[in-house]
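For reference, final30.txt (compact mmCIF, C-alpha atoms):
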```txt
# COMPACT_ATOMS: atom_id res chain seq x y z
CA MET A 1 6.41 -22.06 12.65
CA SER A 2 9.00 -24.09 10.73
CA ARG A 3 9.60 -22.57 7.27
CA ILE A 4 10.79 -19.08 6.44
CA ALA A 5 12.24 -17.52 3.29
CA VAL A 6 14.60 -14.67 2.44
CA LEU A 7 15.05 -12.61 -0.72
CA THR A 8 16.98 -9.54 -1.86
CA SER A 9 15.23 -6.98 -4.04
CA GLY A 10 15.98 -3.76 -5.91
CA GLY A 11 19.51 -2.48 -6.33
CA ASP A 12 22.23 -4.60 -4.73
CA SER A 13 24.24 -3.13 -1.87
CA PRO A 14 27.41 -4.26 -0.06
CA GLY A 15 26.36 -6.10 3.09
CA MET A 16 23.34 -7.91 1.66
CA ASN A 17 25.28 -11.18 1.80
CA ALA A 18 26.09 -10.61 5.46
CA ALA A 19 22.37 -10.16 6.16
CA ILE A 20 21.49 -13.33 4.21
CA ARG A 21 24.15 -15.25 6.14
CA ALA A 22 22.78 -14.08 9.48
CA VAL A 23 19.18 -14.93 8.57
CA VAL A 24 20.13 -18.40 7.33
CA ARG A 25 22.52 -19.47 10.08
CA TYR A 26 20.67 -17.91 12.99
CA GLY A 27 17.39 -19.17 11.58
CA ILE A 28 18.67 -22.75 11.29
CA GLU A 29 20.08 -22.53 14.81
CA ARG A 30 16.64 -21.54 16.09
CA GLY A 31 14.99 -24.49 14.37
CA PHE A 32 13.68 -23.01 11.11
CA ASP A 33 13.92 -24.42 7.63
CA VAL A 34 15.24 -21.47 5.62
CA TYR A 35 14.54 -21.07 1.91
CA GLY A 36 16.28 -18.67 -0.43
CA ILE A 37 14.37 -17.00 -3.25
CA GLU A 38 16.47 -15.98 -6.24
CA ARG A 39 16.00 -12.74 -8.22
CA GLY A 40 13.82 -10.96 -5.69
CA TYR A 41 10.11 -10.56 -6.35
CA GLU A 42 10.59 -11.81 -9.89
CA GLY A 43 11.84 -15.11 -8.50
CA LEU A 44 9.03 -15.13 -5.96
CA ILE A 45 6.53 -15.06 -8.82
CA ASP A 46 8.48 -17.64 -10.87
CA GLY A 47 8.88 -20.04 -7.94
CA ALA A 48 12.71 -19.79 -7.72
CA PHE A 49 12.85 -21.31 -4.21
CA TYR A 50 15.55 -23.57 -2.77
CA GLN A 51 16.30 -24.75 0.74
CA MET A 52 19.47 -23.31 2.23
CA ASN A 53 21.87 -24.76 4.79
CA ARG A 54 24.88 -23.46 6.68
CA ARG A 55 27.20 -24.24 3.79
CA SER A 56 24.96 -22.25 1.42
CA VAL A 57 26.21 -19.06 3.05
CA GLY A 58 29.82 -20.05 3.66
CA ASP A 59 32.52 -17.54 2.70
CA ILE A 60 30.08 -14.78 1.71
CA LEU A 61 30.45 -12.34 4.61
CA GLN A 62 33.14 -10.35 2.80
CA ARG A 63 31.56 -10.49 -0.65
CA GLY A 64 29.66 -7.61 -2.24
CA GLY A 65 26.46 -8.06 -4.21
CA THR A 66 23.98 -10.79 -3.27
CA ILE A 67 24.23 -14.55 -3.74
CA LEU A 68 20.43 -14.66 -4.08
CA LYS A 69 20.67 -12.22 -6.99
CA THR A 70 18.20 -9.41 -7.47
CA ALA A 71 15.92 -7.96 -10.11
CA ARG A 72 13.32 -5.28 -10.53
CA SER A 73 9.95 -6.89 -11.22
CA GLU A 74 7.26 -5.18 -13.27
CA LYS A 75 5.00 -8.21 -12.77
CA PHE A 76 5.07 -7.76 -9.00
CA LYS A 77 3.61 -4.26 -9.38
CA THR A 78 0.35 -5.86 -10.54
CA LEU A 79 -2.25 -7.51 -8.31
CA GLU A 80 -2.03 -10.61 -10.48
CA GLY A 81 1.71 -10.83 -9.93
CA ARG A 82 1.45 -10.39 -6.16
CA THR A 83 -1.32 -13.01 -6.04
CA LYS A 84 0.95 -15.50 -7.82
CA ALA A 85 3.76 -14.65 -5.40
CA ALA A 86 1.51 -15.30 -2.40
CA GLN A 87 0.36 -18.60 -3.90
CA ASN A 88 3.96 -19.75 -4.29
CA LEU A 89 4.66 -18.92 -0.65
CA GLU A 90 1.62 -21.00 0.29
CA THR A 91 2.76 -23.87 -1.96
CA PHE A 92 6.14 -23.99 -0.23
CA GLN A 93 4.45 -23.53 3.17
CA ILE A 94 6.49 -20.41 3.91
CA GLU A 95 5.17 -18.78 7.05
CA ALA A 96 7.35 -15.66 7.11
CA LEU A 97 9.26 -13.75 4.43
CA VAL A 98 12.38 -11.68 5.10
CA VAL A 99 12.87 -8.95 2.48
CA ILE A 100 16.24 -7.20 2.16
CA GLY A 101 15.99 -4.05 0.04
CA GLY A 102 15.08 -0.39 -0.19
CA GLU A 103 11.89 1.65 -0.12
CA GLY A 104 10.34 0.04 -3.21
CA SER A 105 11.06 -3.44 -1.91
CA MET A 106 9.55 -2.63 1.47
CA THR A 107 6.47 -1.11 -0.15
CA GLY A 108 6.03 -4.32 -2.13
CA ALA A 109 6.31 -6.37 1.07
CA LEU A 110 3.65 -4.22 2.72
CA GLU A 111 1.30 -4.72 -0.25
CA LEU A 112 1.87 -8.46 -0.12
CA SER A 113 0.99 -8.45 3.55
CA ASN A 114 -2.08 -6.21 3.26
CA GLU A 115 -3.54 -8.05 0.28
CA HIS A 116 -2.68 -11.65 1.12
CA GLY A 117 -1.82 -11.77 4.80
CA VAL A 118 1.83 -12.69 4.25
CA ASN A 119 4.01 -12.26 7.35
CA VAL A 120 6.93 -10.02 6.39
CA ILE A 121 10.06 -8.63 8.02
CA CYS A 122 12.09 -5.98 6.16
CA ILE A 123 15.82 -5.24 6.39
CA PRO A 124 17.09 -1.91 4.93
CA GLY A 125 19.51 -2.73 2.11
CA THR A 126 20.24 0.27 -0.13
CA ILE A 127 23.30 2.43 -0.74
CA ASP A 128 21.19 5.59 -1.11
CA ASN A 129 20.42 5.87 2.62
CA ASP A 130 16.94 7.10 1.68
CA LEU A 131 14.90 5.29 4.35
CA ALA A 132 14.21 7.99 6.92
CA TYR A 133 13.09 5.74 9.77
CA THR A 134 16.62 4.36 10.27
CA ASP A 135 19.86 6.22 10.96
CA THR A 136 21.63 4.37 8.16
CA THR A 137 21.06 1.61 5.63
CA ILE A 138 23.13 -1.42 4.68
CA GLY A 139 25.60 -0.49 1.94
CA PHE A 140 25.68 3.26 2.51
CA ASP A 141 28.94 3.32 4.47
CA THR A 142 30.72 1.18 1.89
CA ALA A 143 29.43 3.29 -1.00
CA VAL A 144 30.61 6.51 0.65
CA ASN A 145 34.05 5.01 1.27
CA THR A 146 34.23 3.95 -2.38
CA VAL A 147 33.41 7.50 -3.47
CA LEU A 148 35.97 8.90 -1.03
CA ASP A 149 38.66 6.73 -2.57
CA ALA A 150 37.65 7.97 -6.03
CA ILE A 151 37.73 11.62 -4.90
CA THR A 152 41.25 11.16 -3.54
CA ARG A 153 42.51 9.64 -6.78
CA ILE A 154 40.70 12.13 -9.01
CA ARG A 155 41.99 15.05 -6.94
CA ASP A 156 45.57 13.99 -7.69
CA THR A 157 45.10 14.14 -11.46
CA SER A 158 42.91 17.25 -11.28
CA SER A 159 45.67 19.03 -9.41
CA SER A 160 48.30 17.89 -11.91
CA HIS A 161 46.31 19.27 -14.83
CA ASP A 162 44.90 22.36 -13.09
CA ARG A 163 41.32 21.41 -13.92
CA THR A 164 37.85 21.26 -12.40
CA THR A 165 36.28 17.82 -12.09
CA ILE A 166 32.63 16.95 -11.61
CA ILE A 167 32.13 13.54 -9.98
CA GLU A 168 28.64 12.11 -10.46
CA VAL A 169 27.52 9.69 -7.76
CA MET A 170 24.33 7.73 -7.20
CA GLY A 171 21.29 9.22 -5.51
CA ARG A 172 18.17 9.89 -7.57
CA HIS A 173 16.08 11.21 -4.69
CA SER A 174 18.57 11.36 -1.83
CA GLY A 175 21.84 13.27 -1.94
CA ASP A 176 23.41 11.58 1.08
CA ILE A 177 26.21 9.84 -0.81
CA ALA A 178 27.23 13.13 -2.44
CA LEU A 179 26.77 15.07 0.78
CA TYR A 180 28.80 12.88 3.12
CA SER A 181 31.53 11.97 0.63
CA GLY A 182 31.78 15.62 -0.40
CA LEU A 183 32.31 16.76 3.17
CA ALA A 184 34.79 14.01 4.07
CA GLY A 185 36.56 14.28 0.72
CA GLY A 186 37.04 18.05 0.83
CA ALA A 187 34.93 18.86 -2.23
CA GLU A 188 34.57 22.51 -3.15
CA PHE A 189 30.90 22.09 -4.01
CA VAL A 190 28.14 19.51 -3.60
CA LEU A 191 25.05 19.31 -5.81
CA VAL A 192 22.10 17.35 -4.42
CA PRO A 193 18.40 16.88 -5.32
CA GLU A 194 17.28 18.44 -2.04
CA VAL A 195 18.80 21.87 -2.82
CA SER A 196 18.15 23.90 -5.99
CA GLU A 197 21.58 25.46 -6.11
CA ASN A 198 22.05 28.66 -8.09
CA PHE A 199 24.28 27.96 -11.11
CA ASN A 200 25.81 31.44 -10.74
CA ASP A 201 26.96 30.56 -7.21
CA LEU A 202 28.68 27.45 -8.53
CA CYS A 203 30.45 29.41 -11.26
CA GLN A 204 31.52 32.07 -8.79
CA ARG A 205 33.00 29.45 -6.46
CA VAL A 206 35.01 27.86 -9.28
CA ILE A 207 36.33 31.25 -10.47
CA GLU A 208 37.22 32.29 -6.91
CA SER A 209 39.05 29.00 -6.48
CA LYS A 210 41.05 29.71 -9.62
CA ASN A 211 41.83 33.30 -8.54
CA SER A 212 43.09 32.09 -5.16
CA ARG A 213 45.63 29.97 -7.05
CA ARG A 214 44.02 26.71 -6.02
CA GLN A 215 45.20 24.07 -8.45
CA HIS A 216 41.92 22.26 -8.82
CA SER A 217 38.23 22.11 -7.93
CA VAL A 218 36.23 18.97 -7.17
CA ILE A 219 32.44 19.07 -7.43
CA VAL A 220 30.42 16.06 -6.22
CA LYS A 221 27.04 15.81 -7.94
CA ALA A 222 24.22 13.40 -7.09
CA GLU A 223 22.59 11.91 -10.19
CA GLY A 224 19.22 13.27 -9.04
CA TYR A 225 20.34 16.91 -9.23
CA PRO A 226 18.03 18.49 -11.83
CA MET A 227 20.71 19.48 -14.38
CA ASP A 228 22.15 16.79 -16.64
CA SER A 229 25.82 16.14 -15.85
CA VAL A 230 27.07 16.51 -19.44
CA GLN A 231 25.17 19.76 -19.85
CA LEU A 232 26.49 21.01 -16.52
CA THR A 233 30.07 20.20 -17.54
CA HIS A 234 29.80 22.14 -20.82
CA LYS A 235 28.05 25.14 -19.27
CA LEU A 236 30.49 25.36 -16.38
CA ALA A 237 33.50 25.26 -18.72
CA GLU A 238 31.99 27.90 -20.98
CA ARG A 239 31.08 30.24 -18.13
CA THR A 240 34.29 29.93 -16.09
CA GLY A 241 36.93 29.41 -18.76
CA ARG A 242 38.21 26.40 -16.86
CA GLU A 243 38.89 22.92 -18.20
CA VAL A 244 36.08 20.81 -16.72
CA ARG A 245 35.99 17.03 -16.80
CA LEU A 246 33.15 14.68 -15.86
CA VAL A 247 33.66 11.38 -14.05
CA VAL A 248 30.59 9.15 -13.60
CA LEU A 249 31.20 6.52 -10.92
CA SER A 250 27.96 4.65 -11.67
CA TYR A 251 27.85 0.99 -10.55
CA LEU A 252 31.36 1.18 -9.12
CA GLN A 253 29.64 2.39 -5.93
CA ARG A 254 27.53 -0.75 -5.58
CA GLY A 255 30.34 -3.30 -5.65
CA GLY A 256 33.21 -4.21 -3.41
CA SER A 257 33.68 -5.83 -0.04
CA PRO A 258 31.39 -4.32 2.62
CA SER A 259 32.94 -2.17 5.32
CA PHE A 260 33.06 -3.17 8.99
CA SER A 261 30.05 -0.94 9.71
CA ASP A 262 27.95 -2.51 6.96
CA ARG A 263 28.87 -6.07 7.95
CA MET A 264 27.91 -5.37 11.55
CA LEU A 265 24.67 -3.61 10.67
CA ALA A 266 23.65 -6.35 8.23
CA THR A 267 24.47 -9.14 10.66
CA GLU A 268 22.61 -7.52 13.54
CA CYS A 269 19.57 -6.85 11.34
CA GLY A 270 19.55 -10.49 10.18
CA VAL A 271 19.67 -11.77 13.75
CA LYS A 272 16.93 -9.32 14.78
CA ALA A 273 14.71 -10.57 11.94
CA ILE A 274 14.84 -14.13 13.28
CA GLN A 275 14.20 -12.94 16.83
CA LEU A 276 11.09 -11.07 15.69
CA ILE A 277 9.81 -14.15 13.84
CA GLU A 278 10.37 -16.26 16.97
CA GLU A 279 8.32 -13.77 18.96
CA GLY A 280 5.53 -13.81 16.39
CA LEU A 281 6.04 -10.14 15.52
CA PHE A 282 5.54 -9.38 11.83
CA ASN A 283 5.16 -6.51 9.36
CA LYS A 284 8.24 -4.87 10.84
CA ALA A 285 11.02 -2.74 9.38
CA ILE A 286 14.33 -3.21 11.14
CA GLY A 287 16.63 -0.23 11.53
CA THR A 288 19.12 1.48 13.76
CA VAL A 289 18.56 4.43 16.08
CA GLY A 290 21.42 5.78 18.15
CA GLY A 291 23.42 2.60 17.58
CA ASN A 292 20.61 0.31 18.70
CA ILE A 293 18.83 -2.18 16.41
CA VAL A 294 15.10 -1.42 16.56
CA ALA A 295 11.96 -2.80 14.90
CA PHE A 296 9.37 -0.36 13.58
CA ASP A 297 5.87 -0.93 12.27
CA LEU A 298 6.44 -1.33 8.53
CA GLU A 299 3.66 0.96 7.38
CA GLU A 300 4.66 3.68 9.83
CA ALA A 301 8.32 3.36 8.88
CA LEU A 302 7.55 4.00 5.22
CA LEU A 303 5.62 7.16 6.12
CA VAL A 304 8.57 8.83 7.86
CA GLU A 305 9.66 11.83 5.81
CA PRO A 306 13.40 12.24 5.17
CA GLU A 307 15.11 15.27 6.70
CA PHE A 308 17.96 16.79 4.72
CA ASN A 309 21.01 17.60 6.85
CA GLN A 310 21.34 21.28 6.09
CA GLY A 311 24.15 21.66 8.62
CA ILE A 312 26.45 19.25 6.76
CA TYR A 313 25.57 20.89 3.46
CA GLU A 314 26.55 24.31 4.76
CA ALA A 315 29.73 22.89 6.30
CA VAL A 316 30.91 21.72 2.85
CA GLY A 317 30.83 25.30 1.58
CA ILE A 318 32.47 26.77 4.68
CA LEU A 319 35.29 24.24 4.91
CA SER A 320 36.14 24.35 1.21
CA LYS A 321 36.98 28.05 1.19
```
Rewrite the structure from the file as structure tokens, please.
Amino acid sequence: MSRIAVLTSGGDSPGMNAAIRAVVRYGIERGFDVYGIERGYEGLIDGAFYQMNRRSVGDILQRGGTILKTARSEKFKTLEGRTKAAQNLETFQIEALVVIGGEGSMTGALELSNEHGVNVICIPGTIDNDLAYTDTTIGFDTAVNTVLDAITRIRDTSSSHDRTTIIEVMGRHSGDIALYSGLAGGAEFVLVPEVSENFNDLCQRVIESKNSRRQHSVIVKAEGYPMDSVQLTHKLAERTGREVRLVVLSYLQRGGSPSFSDRMLATECGVKAIQLIEEGLFNKAIGTVGGNIVAFDLEEALLVEPEFNQGIYEAVGILSK
């Protein structure tokens, strides 16, 4: 085997560049020609291939985002689109494809393999931490630290103005960013998609906080929580008589230099991908279990059901009293 390719797909996450760097440099060291594919599966269909060298990934370890760029591809969701993608891989004589992305990206890689026999290796790059087969995903640690910094700053102004602040963070289906940042940031309440929290309980907590002469309340809300954030802000203010402000962090969580943990995880996953290709082991999802980098069968990995950490959720409520 001489030619391999790497792409990033879905939402960008801090640490993707570190994974690309590891795949390229370790791959070249092991004798592979390494091609980059720009704009994810969209670029795979459009033929956006170029050969990479060591200098292609110079000075990117500390950079957020992805130098290969990323996009969500509607065309790739069709059989026709995936067929075109497979043909382009054949044209460039690519014998293995490394995909860095989340659940949707990995599902696309599995379809490409099942339908067209493409050899794929997947690396978990998503800030949502919603891949249950691995302890953590690339970008999650950085995103949580970004939210923690925001909570600290927002708490200062909330205290000065004696107000309640709702901080909306990313997480459509997984509340891990809200959950972990809420616990570490000392939030009074956390709202996540996994728990249908009683609105009355939230109001009671805010009123009790006010009655105990606490100067402020911080509520961390995942975007996937079933109530719209603007509606929640208005209803909470009306019910409690408190001044309530909404802060939406949005894409702020995706950017920034990756943390030590994310750089290490990404680098180790990139190296592991090349080692698997050398061994002729394909259709694998790389992840971490107990601090060890492990390769799982891709199809089995995608079937693992996420388990919500109820203990951490309960700890938020206990420690905030």
Among the residues A:Thr70, A:Asn129, A:Ser259, A:Ser2, the one that comes closest to Ile177 of chain A [using all atoms listed in the file]: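 Looking at the shortest contact to Ile177 of chain A, the residue is A:Asn129.
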Separation of atom CA of Asp176 of chain A from atom CA of Val147 of chain A, in Å and rounded to one decimal: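 Separation of atom CA of Asp176 of chain A and atom CA of Val147 of chain A: 11.7 Å.
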Residues near segment 282-287 of chain A, cut-off 7 Å, only C-alpha atoms, skip fewer than 5 positions along chain, as a list in words: Asn119, Val120, Ile121, Cys122, Ile123, Pro124, Thr134, Cys269, Leu276, Ile277, Ile293, Val294, Ala295, Phe296, Asp297, Leu298 and Ala301 of chain A
Atomic distance atom CA of Gly175 of chain A - atom CA of Pro14 of chain A, expressed in Å with one decimal: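 Taking atom CA of Gly175 of chain A and atom CA of Pro14 of chain A, their separation equals 18.5 Å.
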For atom CA of Gly290 of chain A and atom CA of Arg263 of chain A, the interatomic separation in Å (one decimal):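 Atom CA of Gly290 of chain A sits 17.3 Å away from atom CA of Arg263 of chain A.
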Exercise: Gly101 of chain A partners within 7 Å, only C-alpha atoms, chain neighbours under 2 positions left out, as a count of residues only: 10
Polymer residues at most 12 Å from (41.7, 13.6, -3.3) by all atoms listed in the file, as a PyMOL selection string: chain A and resi 147-160+165+167+181-188+216-220
Write out as JSON an axis-aligned box for segment 119-130 of chain A: all of its atoms listed in the file, 4 Å added on each side, centre and edge lengths in Å with one decimal.
```
{"center_x": 13.7, "center_y": -2.6, "center_z": 3.5, "size_x": 27.3, "size_y": 27.4, "size_z": 17.1}
```
I want to know what sits within 9 Å of Thr142 of chain A, based on all atoms listed in the file, with residues of the same chain fewer than 4 positions away left out; could you give that as a short mmCIF file (atom, residue, chain, number, x, y, z; two decimals) with C-alpha atoms, in the frame of the given file?
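selection-v1.cif was written with the following content:
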```
data_model
loop_
_atom_site.label_atom_id
_atom_site.label_comp_id
_atom_site.auth_asym_id
_atom_site.auth_seq_id
_atom_site.Cartn_x
_atom_site.Cartn_y
_atom_site.Cartn_z
CA SER A 13 24.24 -3.13 -1.87
CA PRO A 14 27.41 -4.26 -0.06
CA GLY A 15 26.36 -6.10 3.09
CA ILE A 127 23.30 2.43 -0.74
CA ILE A 138 23.13 -1.42 4.68
CA THR A 146 34.23 3.95 -2.38
CA VAL A 147 33.41 7.50 -3.47
CA GLN A 253 29.64 2.39 -5.93
CA ARG A 254 27.53 -0.75 -5.58
CA GLY A 255 30.34 -3.30 -5.65
CA GLY A 256 33.21 -4.21 -3.41
CA SER A 257 33.68 -5.83 -0.04
CA PRO A 258 31.39 -4.32 2.62
CA SER A 259 32.94 -2.17 5.32
CA PHE A 260 33.06 -3.17 8.99
CA SER A 261 30.05 -0.94 9.71
CA ASP A 262 27.95 -2.51 6.96
#
```
Within 7 Å of segment 236-244 of chain A using all atoms listed in the file, minus same-chain residues under 2 positions, as a PyMOL selection string: chain A and resi 163-165+203+207+232-234+246
From A:Arg82, A:Lys235, A:Lys272, A:Arg245, residue lying nearest Tyr41 of chain A [all atoms listed in the file]: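 For Tyr41 of chain A, the nearest of the candidates is A:Arg82.
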Option closest in space to Thr83 of chain A, from A:Val247, A:Leu179, A:Val118, A:Ala5 [counting only C-alpha atoms]: A:Val118
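Residues with any atom within 6 Å of Val6 of chain A, counting all atoms listed in the file and excluding same-chain neighbours fewer than 2 positions away, are A:Gly36, A:Leu97, A:Val98, A:Val99.
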Pick from A:Phe199, A:Tyr26, A:Tyr35, A:Phe140 nearest to Gln275 of chain A, counting all atoms listed in the file: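 Checking each candidate against Gln275 of chain A, we get A:Tyr26 as the closest.
Each of A:Asn17, A:Gly224, A:His116, A:Ile60 was compared to Glu90 of chain A using only C-alpha atoms, and A:His116 turns out to be the nearest.
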Your completed segment 171-188 of chain A with N, CA, C and O atoms, as a PDB file, in the frame of the given file:
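What landed in selection-v2.pdb:
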```pdb
ATOM      1  N   GLY A 171      22.204   8.489  -6.383  1.00  0.00           N
ATOM      2  CA  GLY A 171      21.290   9.220  -5.510  1.00  0.00           C
ATOM      3  C   GLY A 171      20.260   9.963  -6.320  1.00  0.00           C
ATOM      4  O   GLY A 171      20.420  11.149  -6.587  1.00  0.00           O
ATOM      5  N   ARG A 172      19.209   9.248  -6.743  1.00  0.00           N
ATOM      6  CA  ARG A 172      18.170   9.890  -7.570  1.00  0.00           C
ATOM      7  C   ARG A 172      17.299  10.832  -6.749  1.00  0.00           C
ATOM      8  O   ARG A 172      16.909  11.906  -7.212  1.00  0.00           O
ATOM      9  N   HIS A 173      16.963  10.405  -5.528  1.00  0.00           N
ATOM     10  CA  HIS A 173      16.080  11.210  -4.690  1.00  0.00           C
ATOM     11  C   HIS A 173      16.758  11.675  -3.401  1.00  0.00           C
ATOM     12  O   HIS A 173      16.287  12.602  -2.749  1.00  0.00           O
ATOM     13  N   SER A 174      17.827  11.005  -3.041  1.00  0.00           N
ATOM     14  CA  SER A 174      18.570  11.360  -1.830  1.00  0.00           C
ATOM     15  C   SER A 174      20.001  11.718  -2.196  1.00  0.00           C
ATOM     16  O   SER A 174      20.667  10.995  -2.938  1.00  0.00           O
ATOM     17  N   GLY A 175      20.477  12.826  -1.646  1.00  0.00           N
ATOM     18  CA  GLY A 175      21.840  13.270  -1.940  1.00  0.00           C
ATOM     19  C   GLY A 175      22.853  12.883  -0.893  1.00  0.00           C
ATOM     20  O   GLY A 175      23.952  13.446  -0.852  1.00  0.00           O
ATOM     21  N   ASP A 176      22.532  11.900  -0.051  1.00  0.00           N
ATOM     22  CA  ASP A 176      23.410  11.580   1.080  1.00  0.00           C
ATOM     23  C   ASP A 176      24.796  11.108   0.660  1.00  0.00           C
ATOM     24  O   ASP A 176      25.790  11.450   1.299  1.00  0.00           O
ATOM     25  N   ILE A 177      24.883  10.299  -0.383  1.00  0.00           N
ATOM     26  CA  ILE A 177      26.210   9.840  -0.810  1.00  0.00           C
ATOM     27  C   ILE A 177      27.065  11.031  -1.222  1.00  0.00           C
ATOM     28  O   ILE A 177      28.221  11.168  -0.821  1.00  0.00           O
ATOM     29  N   ALA A 178      26.497  11.924  -2.017  1.00  0.00           N
ATOM     30  CA  ALA A 178      27.230  13.130  -2.440  1.00  0.00           C
ATOM     31  C   ALA A 178      27.560  14.011  -1.250  1.00  0.00           C
ATOM     32  O   ALA A 178      28.675  14.540  -1.134  1.00  0.00           O
ATOM     33  N   LEU A 179      26.604  14.166  -0.353  1.00  0.00           N
ATOM     34  CA  LEU A 179      26.770  15.070   0.780  1.00  0.00           C
ATOM     35  C   LEU A 179      27.886  14.615   1.714  1.00  0.00           C
ATOM     36  O   LEU A 179      28.807  15.379   2.035  1.00  0.00           O
ATOM     37  N   TYR A 180      27.831  13.367   2.140  1.00  0.00           N
ATOM     38  CA  TYR A 180      28.800  12.880   3.120  1.00  0.00           C
ATOM     39  C   TYR A 180      30.176  12.658   2.498  1.00  0.00           C
ATOM     40  O   TYR A 180      31.201  12.953   3.129  1.00  0.00           O
ATOM     41  N   SER A 181      30.229  12.151   1.277  1.00  0.00           N
ATOM     42  CA  SER A 181      31.530  11.970   0.630  1.00  0.00           C
ATOM     43  C   SER A 181      32.136  13.319   0.275  1.00  0.00           C
ATOM     44  O   SER A 181      33.361  13.494   0.326  1.00  0.00           O
ATOM     45  N   GLY A 182      31.288  14.279  -0.085  1.00  0.00           N
ATOM     46  CA  GLY A 182      31.780  15.620  -0.400  1.00  0.00           C
ATOM     47  C   GLY A 182      32.413  16.296   0.799  1.00  0.00           C
ATOM     48  O   GLY A 182      33.473  16.924   0.695  1.00  0.00           O
ATOM     49  N   LEU A 183      31.763  16.155   1.949  1.00  0.00           N
ATOM     50  CA  LEU A 183      32.310  16.760   3.170  1.00  0.00           C
ATOM     51  C   LEU A 183      33.620  16.078   3.565  1.00  0.00           C
ATOM     52  O   LEU A 183      34.641  16.742   3.796  1.00  0.00           O
ATOM     53  N   ALA A 184      33.606  14.743   3.627  1.00  0.00           N
ATOM     54  CA  ALA A 184      34.790  14.010   4.070  1.00  0.00           C
ATOM     55  C   ALA A 184      35.916  14.038   3.036  1.00  0.00           C
ATOM     56  O   ALA A 184      37.082  13.887   3.386  1.00  0.00           O
ATOM     57  N   GLY A 185      35.555  14.255   1.764  1.00  0.00           N
ATOM     58  CA  GLY A 185      36.560  14.280   0.720  1.00  0.00           C
ATOM     59  C   GLY A 185      37.064  15.667   0.374  1.00  0.00           C
ATOM     60  O   GLY A 185      37.915  15.819  -0.511  1.00  0.00           O
ATOM     61  N   GLY A 186      36.560  16.693   1.058  1.00  0.00           N
ATOM     62  CA  GLY A 186      37.040  18.050   0.830  1.00  0.00           C
ATOM     63  C   GLY A 186      36.607  18.659  -0.480  1.00  0.00           C
ATOM     64  O   GLY A 186      37.330  19.486  -1.060  1.00  0.00           O
ATOM     65  N   ALA A 187      35.426  18.289  -0.966  1.00  0.00           N
ATOM     66  CA  ALA A 187      34.930  18.860  -2.230  1.00  0.00           C
ATOM     67  C   ALA A 187      34.660  20.347  -2.075  1.00  0.00           C
ATOM     68  O   ALA A 187      34.301  20.824  -0.989  1.00  0.00           O
ATOM     69  N   GLU A 188      34.845  21.073  -3.165  1.00  0.00           N
ATOM     70  CA  GLU A 188      34.570  22.510  -3.150  1.00  0.00           C
ATOM     71  C   GLU A 188      33.071  22.802  -3.251  1.00  0.00           C
ATOM     72  O   GLU A 188      32.604  23.853  -2.803  1.00  0.00           O
TER      73      GLU A 188
END
```
